[in-house]
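A.B. asks: What follows is start-v5.pdb, made up of PDB, N, CA and C atoms:
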MODEL        1
ATOM      1  N   MET N 230      66.149 -43.594-169.294  1.00  0.00           N
ATOM      2  CA  MET N 230      66.986 -42.912-170.250  1.00  0.00           C
ATOM      3  C   MET N 230      67.186 -41.473-169.786  1.00  0.00           C
ATOM      4  N   PRO N 231      68.429 -41.020-169.654  1.00  0.00           N
ATOM      5  CA  PRO N 231      68.680 -39.647-169.213  1.00  0.00           C
ATOM      6  C   PRO N 231      68.098 -38.625-170.187  1.00  0.00           C
ATOM      7  N   ILE N 232      67.691 -37.486-169.637  1.00  0.00           N
ATOM      8  CA  ILE N 232      67.224 -36.381-170.473  1.00  0.00           C
ATOM      9  C   ILE N 232      68.390 -35.427-170.682  1.00  0.00           C
ATOM     10  N   THR N 233      68.247 -34.513-171.635  1.00  0.00           N
ATOM     11  CA  THR N 233      69.310 -33.548-171.894  1.00  0.00           C
ATOM     12  C   THR N 233      69.229 -32.400-170.892  1.00  0.00           C
ATOM     13  N   ILE N 234      70.327 -31.687-170.779  1.00  0.00           N
ATOM     14  CA  ILE N 234      70.352 -30.521-169.896  1.00  0.00           C
ATOM     15  C   ILE N 234      69.326 -29.496-170.366  1.00  0.00           C
ATOM     16  N   ASP N 235      69.202 -29.312-171.664  1.00  0.00           N
ATOM     17  CA  ASP N 235      68.213 -28.363-172.195  1.00  0.00           C
ATOM     18  C   ASP N 235      66.797 -28.761-171.795  1.00  0.00           C
ATOM     19  N   GLU N 236      66.494 -30.040-171.868  1.00  0.00           N
ATOM     20  CA  GLU N 236      65.163 -30.512-171.463  1.00  0.00           C
ATOM     21  C   GLU N 236      64.938 -30.278-169.977  1.00  0.00           C
ATOM     22  N   ALA N 237      65.968 -30.510-169.172  1.00  0.00           N
ATOM     23  CA  ALA N 237      65.856 -30.300-167.727  1.00  0.00           C
ATOM     24  C   ALA N 237      65.615 -28.832-167.406  1.00  0.00           C
ATOM     25  N   LEU N 238      66.377 -27.949-168.025  1.00  0.00           N
ATOM     26  CA  LEU N 238      66.200 -26.523-167.778  1.00  0.00           C
ATOM     27  C   LEU N 238      64.828 -26.044-168.229  1.00  0.00           C
ATOM     28  N   ALA N 239      64.343 -26.571-169.331  1.00  0.00           N
ATOM     29  CA  ALA N 239      63.014 -26.195-169.820  1.00  0.00           C
ATOM     30  C   ALA N 239      61.933 -26.556-168.801  1.00  0.00           C
ATOM     31  N   ARG N 240      62.114 -27.649-168.075  1.00  0.00           N
ATOM     32  CA  ARG N 240      61.135 -28.034-167.054  1.00  0.00           C
ATOM     33  C   ARG N 240      61.164 -27.111-165.849  1.00  0.00           C
ATOM     34  N   LEU N 241      62.301 -26.472-165.583  1.00  0.00           N
ATOM     35  CA  LEU N 241      62.416 -25.576-164.433  1.00  0.00           C
ATOM     36  C   LEU N 241      62.028 -24.129-164.753  1.00  0.00           C
ATOM     37  N   VAL N 242      62.253 -23.700-165.986  1.00  0.00           N
ATOM     38  CA  VAL N 242      62.019 -22.307-166.363  1.00  0.00           C
ATOM     39  C   VAL N 242      60.532 -21.997-166.329  1.00  0.00           C
ATOM     40  N   GLY N 243      60.208 -20.835-165.771  1.00  0.00           N
ATOM     41  CA  GLY N 243      58.834 -20.369-165.771  1.00  0.00           C
ATOM     42  C   GLY N 243      57.943 -21.037-164.745  1.00  0.00           C
ATOM     43  N   ARG N 244      58.520 -21.798-163.863  1.00  0.00           N
ATOM     44  CA  ARG N 244      57.717 -22.462-162.829  1.00  0.00           C
ATOM     45  C   ARG N 244      57.306 -21.457-161.766  1.00  0.00           C
ATOM     46  N   ASN N 245      56.099 -21.569-161.287  1.00  0.00           N
ATOM     47  CA  ASN N 245      55.621 -20.758-160.178  1.00  0.00           C
ATOM     48  C   ASN N 245      55.288 -21.704-159.031  1.00  0.00           C
ATOM     49  N   GLU N 246      56.300 -22.372-158.547  1.00  0.00           N
ATOM     50  CA  GLU N 246      56.141 -23.375-157.499  1.00  0.00           C
ATOM     51  C   GLU N 246      56.744 -22.848-156.212  1.00  0.00           C
ATOM     52  N   ARG N 247      56.360 -23.449-155.098  1.00  0.00           N
ATOM     53  CA  ARG N 247      57.023 -23.107-153.843  1.00  0.00           C
ATOM     54  C   ARG N 247      58.411 -23.739-153.866  1.00  0.00           C
ATOM     55  N   PRO N 248      59.367 -23.193-153.092  1.00  0.00           N
ATOM     56  CA  PRO N 248      60.748 -23.682-153.158  1.00  0.00           C
ATOM     57  C   PRO N 248      60.885 -25.190-152.981  1.00  0.00           C
ATOM     58  N   THR N 249      60.131 -25.782-152.072  1.00  0.00           N
ATOM     59  CA  THR N 249      60.265 -27.218-151.858  1.00  0.00           C
ATOM     60  C   THR N 249      59.965 -27.987-153.136  1.00  0.00           C
ATOM     61  N   GLN N 250      58.945 -27.582-153.869  1.00  0.00           N
ATOM     62  CA  GLN N 250      58.617 -28.259-155.119  1.00  0.00           C
ATOM     63  C   GLN N 250      59.719 -28.079-156.154  1.00  0.00           C
ATOM     64  N   ILE N 251      60.300 -26.897-156.216  1.00  0.00           N
ATOM     65  CA  ILE N 251      61.404 -26.658-157.143  1.00  0.00           C
ATOM     66  C   ILE N 251      62.572 -27.572-156.797  1.00  0.00           C
ATOM     67  N   PHE N 252      62.880 -27.727-155.507  1.00  0.00           N
ATOM     68  CA  PHE N 252      63.977 -28.600-155.096  1.00  0.00           C
ATOM     69  C   PHE N 252      63.686 -30.046-155.473  1.00  0.00           C
ATOM     70  N   GLU N 253      62.455 -30.482-155.283  1.00  0.00           N
ATOM     71  CA  GLU N 253      62.080 -31.857-155.648  1.00  0.00           C
ATOM     72  C   GLU N 253      62.244 -32.084-157.152  1.00  0.00           C
ATOM     73  N   ILE N 254      61.811 -31.115-157.942  1.00  0.00           N
ATOM     74  CA  ILE N 254      61.965 -31.214-159.389  1.00  0.00           C
ATOM     75  C   ILE N 254      63.451 -31.194-159.755  1.00  0.00           C
ATOM     76  N   ALA N 255      64.221 -30.318-159.105  1.00  0.00           N
ATOM     77  CA  ALA N 255      65.647 -30.188-159.428  1.00  0.00           C
ATOM     78  C   ALA N 255      66.412 -31.484-159.161  1.00  0.00           C
ATOM     79  N   VAL N 256      66.160 -32.156-158.030  1.00  0.00           N
ATOM     80  CA  VAL N 256      66.904 -33.393-157.760  1.00  0.00           C
ATOM     81  C   VAL N 256      66.468 -34.501-158.708  1.00  0.00           C
ATOM     82  N   GLU N 257      65.198 -34.515-159.071  1.00  0.00           N
ATOM     83  CA  GLU N 257      64.730 -35.500-160.055  1.00  0.00           C
ATOM     84  C   GLU N 257      65.446 -35.284-161.386  1.00  0.00           C
ATOM     85  N   LEU N 258      65.509 -34.024-161.819  1.00  0.00           N
ATOM     86  CA  LEU N 258      66.158 -33.715-163.085  1.00  0.00           C
ATOM     87  C   LEU N 258      67.662 -33.961-163.017  1.00  0.00           C
ATOM     88  N   LEU N 259      68.273 -33.663-161.887  1.00  0.00           N
ATOM     89  CA  LEU N 259      69.708 -33.888-161.748  1.00  0.00           C
ATOM     90  C   LEU N 259      70.054 -35.367-161.897  1.00  0.00           C
ATOM     91  N   THR N 260      69.271 -36.233-161.277  1.00  0.00           N
ATOM     92  CA  THR N 260      69.549 -37.665-161.423  1.00  0.00           C
ATOM     93  C   THR N 260      69.295 -38.122-162.855  1.00  0.00           C
ATOM     94  N   SER N 261      68.287 -37.559-163.481  1.00  0.00           N
ATOM     95  CA  SER N 261      67.970 -37.961-164.853  1.00  0.00           C
ATOM     96  C   SER N 261      69.036 -37.503-165.839  1.00  0.00           C
ATOM     97  N   VAL N 262      69.499 -36.261-165.703  1.00  0.00           N
ATOM     98  CA  VAL N 262      70.496 -35.717-166.625  1.00  0.00           C
ATOM     99  C   VAL N 262      71.839 -36.411-166.458  1.00  0.00           C
ATOM    100  N   THR N 263      72.225 -36.690-165.224  1.00  0.00           N
ATOM    101  CA  THR N 263      73.558 -37.240-164.962  1.00  0.00           C
ATOM    102  C   THR N 263      73.608 -38.762-164.988  1.00  0.00           C
ATOM    103  N   GLY N 264      72.452 -39.403-164.798  1.00  0.00           N
ATOM    104  CA  GLY N 264      72.434 -40.850-164.678  1.00  0.00           C
ATOM    105  C   GLY N 264      72.806 -41.324-163.279  1.00  0.00           C
ATOM    106  N   TRP N 265      72.986 -40.369-162.347  1.00  0.00           N
ATOM    107  CA  TRP N 265      73.278 -40.739-160.964  1.00  0.00           C
ATOM    108  C   TRP N 265      72.074 -41.421-160.355  1.00  0.00           C
ATOM    109  N   ARG N 266      72.312 -42.266-159.387  1.00  0.00           N
ATOM    110  CA  ARG N 266      71.215 -42.947-158.717  1.00  0.00           C
ATOM    111  C   ARG N 266      70.689 -42.136-157.534  1.00  0.00           C
ATOM    112  N   PHE N 267      71.438 -41.113-157.075  1.00  0.00           N
ATOM    113  CA  PHE N 267      71.061 -40.362-155.879  1.00  0.00           C
ATOM    114  C   PHE N 267      71.442 -38.890-156.034  1.00  0.00           C
ATOM    115  N   ALA N 268      70.549 -37.999-155.607  1.00  0.00           N
ATOM    116  CA  ALA N 268      70.847 -36.566-155.527  1.00  0.00           C
ATOM    117  C   ALA N 268      70.025 -35.973-154.394  1.00  0.00           C
ATOM    118  N   ALA N 269      70.587 -34.958-153.744  1.00  0.00           N
ATOM    119  CA  ALA N 269      69.884 -34.290-152.646  1.00  0.00           C
ATOM    120  C   ALA N 269      70.265 -32.815-152.634  1.00  0.00           C
ATOM    121  N   ILE N 270      69.366 -32.007-152.100  1.00  0.00           N
ATOM    122  CA  ILE N 270      69.621 -30.589-151.874  1.00  0.00           C
ATOM    123  C   ILE N 270      69.398 -30.339-150.395  1.00  0.00           C
ATOM    124  N   GLY N 271      70.363 -29.655-149.767  1.00  0.00           N
ATOM    125  CA  GLY N 271      70.254 -29.364-148.343  1.00  0.00           C
ATOM    126  C   GLY N 271      70.591 -27.912-148.064  1.00  0.00           C
ATOM    127  N   ALA N 272      70.233 -27.472-146.857  1.00  0.00           N
ATOM    128  CA  ALA N 272      70.523 -26.108-146.413  1.00  0.00           C
ATOM    129  C   ALA N 272      71.004 -26.154-144.977  1.00  0.00           C
ATOM    130  N   LEU N 273      71.880 -25.213-144.647  1.00  0.00           N
ATOM    131  CA  LEU N 273      72.319 -25.117-143.258  1.00  0.00           C
ATOM    132  C   LEU N 273      71.116 -24.848-142.364  1.00  0.00           C
ATOM    133  N   ASN N 274      71.129 -25.435-141.167  1.00  0.00           N
ATOM    134  CA  ASN N 274      70.052 -25.143-140.231  1.00  0.00           C
ATOM    135  C   ASN N 274      70.282 -23.768-139.601  1.00  0.00           C
ATOM    136  N   ALA N 275      69.356 -23.318-138.776  1.00  0.00           N
ATOM    137  CA  ALA N 275      69.389 -21.959-138.232  1.00  0.00           C
ATOM    138  C   ALA N 275      70.652 -21.671-137.427  1.00  0.00           C
ATOM    139  N   ASP N 276      71.167 -22.644-136.685  1.00  0.00           N
ATOM    140  CA  ASP N 276      72.372 -22.386-135.888  1.00  0.00           C
ATOM    141  C   ASP N 276      73.663 -22.734-136.632  1.00  0.00           C
ATOM    142  N   ARG N 277      73.541 -23.125-137.899  1.00  0.00           N
ATOM    143  CA  ARG N 277      74.669 -23.386-138.796  1.00  0.00           C
ATOM    144  C   ARG N 277      75.571 -24.527-138.322  1.00  0.00           C
ATOM    145  N   THR N 278      75.005 -25.465-137.574  1.00  0.00           N
ATOM    146  CA  THR N 278      75.775 -26.625-137.119  1.00  0.00           C
ATOM    147  C   THR N 278      75.339 -27.908-137.813  1.00  0.00           C
ATOM    148  N   GLY N 279      74.298 -27.826-138.599  1.00  0.00           N
ATOM    149  CA  GLY N 279      73.778 -29.011-139.264  1.00  0.00           C
ATOM    150  C   GLY N 279      73.157 -28.669-140.596  1.00  0.00           C
ATOM    151  N   VAL N 280      72.741 -29.703-141.292  1.00  0.00           N
ATOM    152  CA  VAL N 280      72.121 -29.559-142.604  1.00  0.00           C
ATOM    153  C   VAL N 280      70.734 -30.193-142.560  1.00  0.00           C
ATOM    154  N   ASP N 281      69.768 -29.472-143.074  1.00  0.00           N
ATOM    155  CA  ASP N 281      68.426 -30.019-143.283  1.00  0.00           C
ATOM    156  C   ASP N 281      68.322 -30.361-144.758  1.00  0.00           C
ATOM    157  N   VAL N 282      68.146 -31.629-145.059  1.00  0.00           N
ATOM    158  CA  VAL N 282      67.999 -32.061-146.446  1.00  0.00           C
ATOM    159  C   VAL N 282      66.579 -31.718-146.877  1.00  0.00           C
ATOM    160  N   LEU N 283      66.461 -30.952-147.958  1.00  0.00           N
ATOM    161  CA  LEU N 283      65.180 -30.408-148.399  1.00  0.00           C
ATOM    162  C   LEU N 283      64.499 -31.250-149.471  1.00  0.00           C
ATOM    163  N   ALA N 284      65.282 -31.968-150.249  1.00  0.00           N
ATOM    164  CA  ALA N 284      64.729 -32.803-151.314  1.00  0.00           C
ATOM    165  C   ALA N 284      65.726 -33.905-151.638  1.00  0.00           C
ATOM    166  N   VAL N 285      65.198 -35.107-151.898  1.00  0.00           N
ATOM    167  CA  VAL N 285      66.023 -36.272-152.192  1.00  0.00           C
ATOM    168  C   VAL N 285      65.382 -37.050-153.332  1.00  0.00           C
ATOM    169  N   ASN N 286      66.220 -37.541-154.235  1.00  0.00           N
ATOM    170  CA  ASN N 286      65.749 -38.462-155.256  1.00  0.00           C
ATOM    171  C   ASN N 286      66.715 -39.633-155.284  1.00  0.00           C
ATOM    172  N   GLU N 287      66.165 -40.824-155.150  1.00  0.00           N
ATOM    173  CA  GLU N 287      66.977 -42.039-155.152  1.00  0.00           C
ATOM    174  C   GLU N 287      66.335 -43.055-156.080  1.00  0.00           C
ATOM    175  N   ASP N 288      67.116 -43.548-157.004  1.00  0.00           N
ATOM    176  CA  ASP N 288      66.634 -44.518-157.979  1.00  0.00           C
ATOM    177  C   ASP N 288      65.400 -44.014-158.730  1.00  0.00           C
ATOM    178  N   GLY N 289      65.408 -42.697-159.045  1.00  0.00           N
ATOM    179  CA  GLY N 289      64.327 -42.120-159.833  1.00  0.00           C
ATOM    180  C   GLY N 289      63.051 -41.808-159.077  1.00  0.00           C
ATOM    181  N   LYS N 290      63.088 -41.912-157.730  1.00  0.00           N
ATOM    182  CA  LYS N 290      61.883 -41.665-156.930  1.00  0.00           C
ATOM    183  C   LYS N 290      62.208 -40.722-155.775  1.00  0.00           C
ATOM    184  N   PRO N 291      61.235 -39.903-155.364  1.00  0.00           N
ATOM    185  CA  PRO N 291      61.444 -39.076-154.177  1.00  0.00           C
ATOM    186  C   PRO N 291      61.719 -39.970-152.969  1.00  0.00           C
ATOM    187  N   ALA N 292      62.585 -39.498-152.085  1.00  0.00           N
ATOM    188  CA  ALA N 292      62.912 -40.247-150.878  1.00  0.00           C
ATOM    189  C   ALA N 292      62.728 -39.345-149.659  1.00  0.00           C
ATOM    190  N   THR N 293      62.762 -39.939-148.504  1.00  0.00           N
ATOM    191  CA  THR N 293      62.544 -39.218-147.251  1.00  0.00           C
ATOM    192  C   THR N 293      63.719 -38.291-146.941  1.00  0.00           C
ATOM    193  N   CYS N 294      63.392 -37.068-146.564  1.00  0.00           N
ATOM    194  CA  CYS N 294      64.403 -36.091-146.173  1.00  0.00           C
ATOM    195  C   CYS N 294      64.847 -36.344-144.731  1.00  0.00           C
ATOM    196  N   TRP N 295      65.989 -35.797-144.350  1.00  0.00           N
ATOM    197  CA  TRP N 295      66.527 -35.965-143.008  1.00  0.00           C
ATOM    198  C   TRP N 295      67.388 -34.756-142.674  1.00  0.00           C
ATOM    199  N   SER N 296      67.874 -34.716-141.454  1.00  0.00           N
ATOM    200  CA  SER N 296      68.816 -33.689-141.007  1.00  0.00           C
ATOM    201  C   SER N 296      70.032 -34.390-140.423  1.00  0.00           C
ATOM    202  N   TYR N 297      71.178 -33.700-140.439  1.00  0.00           N
ATOM    203  CA  TYR N 297      72.382 -34.275-139.850  1.00  0.00           C
ATOM    204  C   TYR N 297      73.307 -33.170-139.364  1.00  0.00           C
ATOM    205  N   GLN N 298      74.170 -33.528-138.420  1.00  0.00           N
ATOM    206  CA  GLN N 298      75.167 -32.598-137.905  1.00  0.00           C
ATOM    207  C   GLN N 298      76.287 -32.461-138.923  1.00  0.00           C
ATOM    208  N   LEU N 299      76.737 -31.248-139.128  1.00  0.00           N
ATOM    209  CA  LEU N 299      77.727 -30.949-140.145  1.00  0.00           C
ATOM    210  C   LEU N 299      79.140 -31.395-139.752  1.00  0.00           C
ATOM    211  N   GLU N 300      79.493 -31.249-138.493  1.00  0.00           N
ATOM    212  CA  GLU N 300      80.856 -31.536-138.045  1.00  0.00           C
ATOM    213  C   GLU N 300      81.301 -32.952-138.411  1.00  0.00           C
ATOM    214  N   GLY N 301      82.515 -33.037-138.972  1.00  0.00           N
ATOM    215  CA  GLY N 301      83.098 -34.321-139.305  1.00  0.00           C
ATOM    216  C   GLY N 301      82.647 -34.919-140.629  1.00  0.00           C
ATOM    217  N   THR N 302      81.865 -34.174-141.403  1.00  0.00           N
ATOM    218  CA  THR N 302      81.380 -34.693-142.692  1.00  0.00           C
ATOM    219  C   THR N 302      82.145 -34.032-143.837  1.00  0.00           C
ATOM    220  N   PRO N 303      82.156 -34.660-145.017  1.00  0.00           N
ATOM    221  CA  PRO N 303      82.754 -34.000-146.184  1.00  0.00           C
ATOM    222  C   PRO N 303      82.081 -32.657-146.493  1.00  0.00           C
ATOM    223  N   CYS N 304      80.799 -32.547-146.210  1.00  0.00           N
ATOM    224  CA  CYS N 304      80.091 -31.279-146.430  1.00  0.00           C
ATOM    225  C   CYS N 304      80.688 -30.172-145.561  1.00  0.00           C
ATOM    226  N   CYS N 305      81.124 -30.522-144.357  1.00  0.00           N
ATOM    227  CA  CYS N 305      81.749 -29.547-143.464  1.00  0.00           C
ATOM    228  C   CYS N 305      83.049 -29.030-144.080  1.00  0.00           C
ATOM    229  N   ASP N 306      83.817 -29.940-144.689  1.00  0.00           N
ATOM    230  CA  ASP N 306      85.060 -29.525-145.347  1.00  0.00           C
ATOM    231  C   ASP N 306      84.773 -28.566-146.500  1.00  0.00           C
ATOM    232  N   VAL N 307      83.718 -28.823-147.255  1.00  0.00           N
ATOM    233  CA  VAL N 307      83.342 -27.926-148.352  1.00  0.00           C
ATOM    234  C   VAL N 307      82.907 -26.581-147.778  1.00  0.00           C
ATOM    235  N   TYR N 308      82.066 -26.603-146.757  1.00  0.00           N
ATOM    236  CA  TYR N 308      81.571 -25.368-146.133  1.00  0.00           C
ATOM    237  C   TYR N 308      82.729 -24.530-145.581  1.00  0.00           C
ATOM    238  N   ASN N 309      83.696 -25.178-144.963  1.00  0.00           N
ATOM    239  CA  ASN N 309      84.831 -24.477-144.372  1.00  0.00           C
ATOM    240  C   ASN N 309      85.927 -24.131-145.383  1.00  0.00           C
ATOM    241  N   GLY N 310      85.796 -24.666-146.597  1.00  0.00           N
ATOM    242  CA  GLY N 310      86.795 -24.406-147.636  1.00  0.00           C
ATOM    243  C   GLY N 310      88.115 -25.127-147.377  1.00  0.00           C
ATOM    244  N   THR N 311      88.052 -26.269-146.660  1.00  0.00           N
ATOM    245  CA  THR N 311      89.274 -26.996-146.333  1.00  0.00           C
ATOM    246  C   THR N 311      89.458 -28.245-147.178  1.00  0.00           C
ATOM    247  N   ILE N 312      88.632 -28.425-148.167  1.00  0.00           N
ATOM    248  CA  ILE N 312      88.761 -29.599-149.039  1.00  0.00           C
ATOM    249  C   ILE N 312      89.648 -29.239-150.227  1.00  0.00           C
ATOM    250  N   GLU N 313      90.464 -30.183-150.627  1.00  0.00           N
ATOM    251  CA  GLU N 313      91.371 -29.924-151.766  1.00  0.00           C
ATOM    252  C   GLU N 313      90.777 -30.450-153.045  1.00  0.00           C
TER     253      GLU N 313
ENDMDL
END
Kindly transcribe the structure held in the file into structure tokens.
C.D. replies:
Amino acid sequence: MPITIDEALARLVGRNERPTQIFEIAVELLTSVTGWRFAAIGALNADRTGVDVLAVNEDGKPATCWSYQLEGTPCCDVYNGTIE
């Protein structure tokens, strides 16, 4: 059963966690609030040619993170501002 946005924000507020833990909590809450089966948070890598996925939640459970090259992906279009 999805939780409310207020409940999700209450779980994040006042946390003194390291960033990775916050990302793990955030993707869990995002899937719960939206009812989506999958959510991930990623960051550009140091040379800005790829993305390192920092936290993943799939079907309500943490999943393995990965990295990928940005070129040719929808994320690249968003990063470059070329998506309509």
A.B. asks: I'd like the interatomic distance between atom CA of Arg266 of chain N and atom CA of Asp288 of chain N, to a tenth of an Å.
C.D. replies: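 If I compute the distance from atom CA of Arg266 of chain N to atom CA of Asp288 of chain N, I get 4.9 Å.
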A.B. asks: Using only C-alpha atoms, find all polymer residues with an atom at most 8 Å away from the point (75.3, -32.3, -137.2); report them as a ChimeraX atom specification.
C.D. replies: /N:278-280,296-300
A.B. asks: Among chain N, which ones does DSSP assign to strand (DSSP E) (computed from the backbone)? Answer as a PDB file with N, CA and C atoms, in the frame of the given file.
C.D. replies:
ATOM      1  N   PHE N 267      71.438 -41.113-157.075  1.00  0.00           N
ATOM      2  CA  PHE N 267      71.061 -40.362-155.879  1.00  0.00           C
ATOM      3  C   PHE N 267      71.442 -38.890-156.034  1.00  0.00           C
ATOM      4  N   ALA N 268      70.549 -37.999-155.607  1.00  0.00           N
ATOM      5  CA  ALA N 268      70.847 -36.566-155.527  1.00  0.00           C
ATOM      6  C   ALA N 268      70.025 -35.973-154.394  1.00  0.00           C
ATOM      7  N   ALA N 269      70.587 -34.958-153.744  1.00  0.00           N
ATOM      8  CA  ALA N 269      69.884 -34.290-152.646  1.00  0.00           C
ATOM      9  C   ALA N 269      70.265 -32.815-152.634  1.00  0.00           C
ATOM     10  N   ILE N 270      69.366 -32.007-152.100  1.00  0.00           N
ATOM     11  CA  ILE N 270      69.621 -30.589-151.874  1.00  0.00           C
ATOM     12  C   ILE N 270      69.398 -30.339-150.395  1.00  0.00           C
ATOM     13  N   GLY N 271      70.363 -29.655-149.767  1.00  0.00           N
ATOM     14  CA  GLY N 271      70.254 -29.364-148.343  1.00  0.00           C
ATOM     15  C   GLY N 271      70.591 -27.912-148.064  1.00  0.00           C
ATOM     16  N   ALA N 272      70.233 -27.472-146.857  1.00  0.00           N
ATOM     17  CA  ALA N 272      70.523 -26.108-146.413  1.00  0.00           C
ATOM     18  C   ALA N 272      71.004 -26.154-144.977  1.00  0.00           C
ATOM     19  N   LEU N 273      71.880 -25.213-144.647  1.00  0.00           N
ATOM     20  CA  LEU N 273      72.319 -25.117-143.258  1.00  0.00           C
ATOM     21  C   LEU N 273      71.116 -24.848-142.364  1.00  0.00           C
ATOM     22  N   GLY N 279      74.298 -27.826-138.599  1.00  0.00           N
ATOM     23  CA  GLY N 279      73.778 -29.011-139.264  1.00  0.00           C
ATOM     24  C   GLY N 279      73.157 -28.669-140.596  1.00  0.00           C
ATOM     25  N   VAL N 280      72.741 -29.703-141.292  1.00  0.00           N
ATOM     26  CA  VAL N 280      72.121 -29.559-142.604  1.00  0.00           C
ATOM     27  C   VAL N 280      70.734 -30.193-142.560  1.00  0.00           C
ATOM     28  N   ASP N 281      69.768 -29.472-143.074  1.00  0.00           N
ATOM     29  CA  ASP N 281      68.426 -30.019-143.283  1.00  0.00           C
ATOM     30  C   ASP N 281      68.322 -30.361-144.758  1.00  0.00           C
ATOM     31  N   VAL N 282      68.146 -31.629-145.059  1.00  0.00           N
ATOM     32  CA  VAL N 282      67.999 -32.061-146.446  1.00  0.00           C
ATOM     33  C   VAL N 282      66.579 -31.718-146.877  1.00  0.00           C
ATOM     34  N   LEU N 283      66.461 -30.952-147.958  1.00  0.00           N
ATOM     35  CA  LEU N 283      65.180 -30.408-148.399  1.00  0.00           C
ATOM     36  C   LEU N 283      64.499 -31.250-149.471  1.00  0.00           C
ATOM     37  N   ALA N 284      65.282 -31.968-150.249  1.00  0.00           N
ATOM     38  CA  ALA N 284      64.729 -32.803-151.314  1.00  0.00           C
ATOM     39  C   ALA N 284      65.726 -33.905-151.638  1.00  0.00           C
ATOM     40  N   VAL N 285      65.198 -35.107-151.898  1.00  0.00           N
ATOM     41  CA  VAL N 285      66.023 -36.272-152.192  1.00  0.00           C
ATOM     42  C   VAL N 285      65.382 -37.050-153.332  1.00  0.00           C
ATOM     43  N   ASN N 286      66.220 -37.541-154.235  1.00  0.00           N
ATOM     44  CA  ASN N 286      65.749 -38.462-155.256  1.00  0.00           C
ATOM     45  C   ASN N 286      66.715 -39.633-155.284  1.00  0.00           C
ATOM     46  N   GLU N 287      66.165 -40.824-155.150  1.00  0.00           N
ATOM     47  CA  GLU N 287      66.977 -42.039-155.152  1.00  0.00           C
ATOM     48  C   GLU N 287      66.335 -43.055-156.080  1.00  0.00           C
ATOM     49  N   LYS N 290      63.088 -41.912-157.730  1.00  0.00           N
ATOM     50  CA  LYS N 290      61.883 -41.665-156.930  1.00  0.00           C
ATOM     51  C   LYS N 290      62.208 -40.722-155.775  1.00  0.00           C
ATOM     52  N   PRO N 291      61.235 -39.903-155.364  1.00  0.00           N
ATOM     53  CA  PRO N 291      61.444 -39.076-154.177  1.00  0.00           C
ATOM     54  C   PRO N 291      61.719 -39.970-152.969  1.00  0.00           C
ATOM     55  N   SER N 296      67.874 -34.716-141.454  1.00  0.00           N
ATOM     56  CA  SER N 296      68.816 -33.689-141.007  1.00  0.00           C
ATOM     57  C   SER N 296      70.032 -34.390-140.423  1.00  0.00           C
ATOM     58  N   TYR N 297      71.178 -33.700-140.439  1.00  0.00           N
ATOM     59  CA  TYR N 297      72.382 -34.275-139.850  1.00  0.00           C
ATOM     60  C   TYR N 297      73.307 -33.170-139.364  1.00  0.00           C
ATOM     61  N   GLN N 298      74.170 -33.528-138.420  1.00  0.00           N
ATOM     62  CA  GLN N 298      75.167 -32.598-137.905  1.00  0.00           C
ATOM     63  C   GLN N 298      76.287 -32.461-138.923  1.00  0.00           C
TER      64      GLN N 298
END
A.B. asks: With distances taken over only N, CA and C atoms, which residue among N:Ile270, N:Ala275, N:Leu238, N:Cys304 lies nearest Leu258 of chain N?
C.D. replies: N:Leu238
A.B. asks: For a quick check of understanding, using only C-alpha atoms, which of N:Thr302, N:Thr233, N:Asn286, N:Thr293 has the smallest distance to Thr260 of chain N?
C.D. replies: N:Asn286
A.B. asks: For Leu259 of chain N, which residue out of N:Ala237, N:Cys305, N:Val282, N:Ala272 is the nearest one, using all atoms listed in the file?
C.D. replies: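 Looking only at the distances to Leu259 of chain N, the closest residue turns out to be N:Ala237.
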A.B. asks: Find, counting only C-alpha atoms, the residue in N:Ile232, N:Val256, N:Val242, N:Ile251 that gets nearest to Pro291 of chain N.
C.D. replies: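 Ranked by minimum distance to Pro291 of chain N, first place goes to N:Val256.
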A.B. asks: Just give me the gap between atom CA of Gly264 of chain N and atom N of Thr249 of chain N in Å, one decimal is fine.
C.D. replies: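 Calculated distance between atom CA of Gly264 of chain N and atom N of Thr249 of chain N is 23.2 Å.
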A.B. asks: Per DSSP on the backbone, what are the helix (DSSP H, G or I) residues of segment 233-311 of chain N, as JSON, numbers by chain?
C.D. replies: {"N": [234, 235, 236, 237, 238, 239, 240, 241, 248, 249, 250, 251, 252, 253, 254, 255, 256, 257, 258, 259, 260, 261, 262, 263, 303, 304, 305, 306, 307, 308, 309]}
A.B. asks: For a test of reading the model, state the distance in Å between atom CA of Cys294 of chain N and atom CA of Arg240 of chain N, rounded to one decimal.
C.D. replies: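 Between atom CA of Cys294 of chain N and atom CA of Arg240 of chain N the gap is 22.6 Å.
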A.B. asks: Check the smallest atom-to-atom distance from each of N:Asn309, N:Ile234, N:Ala269, N:Asp276 to Phe252 of chain N using all atoms listed in the file, then report the winner.
C.D. replies: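 Of N:Asn309, N:Ile234, N:Ala269, N:Asp276, the one nearest Phe252 of chain N is N:Ala269, counting all atoms listed in the file.
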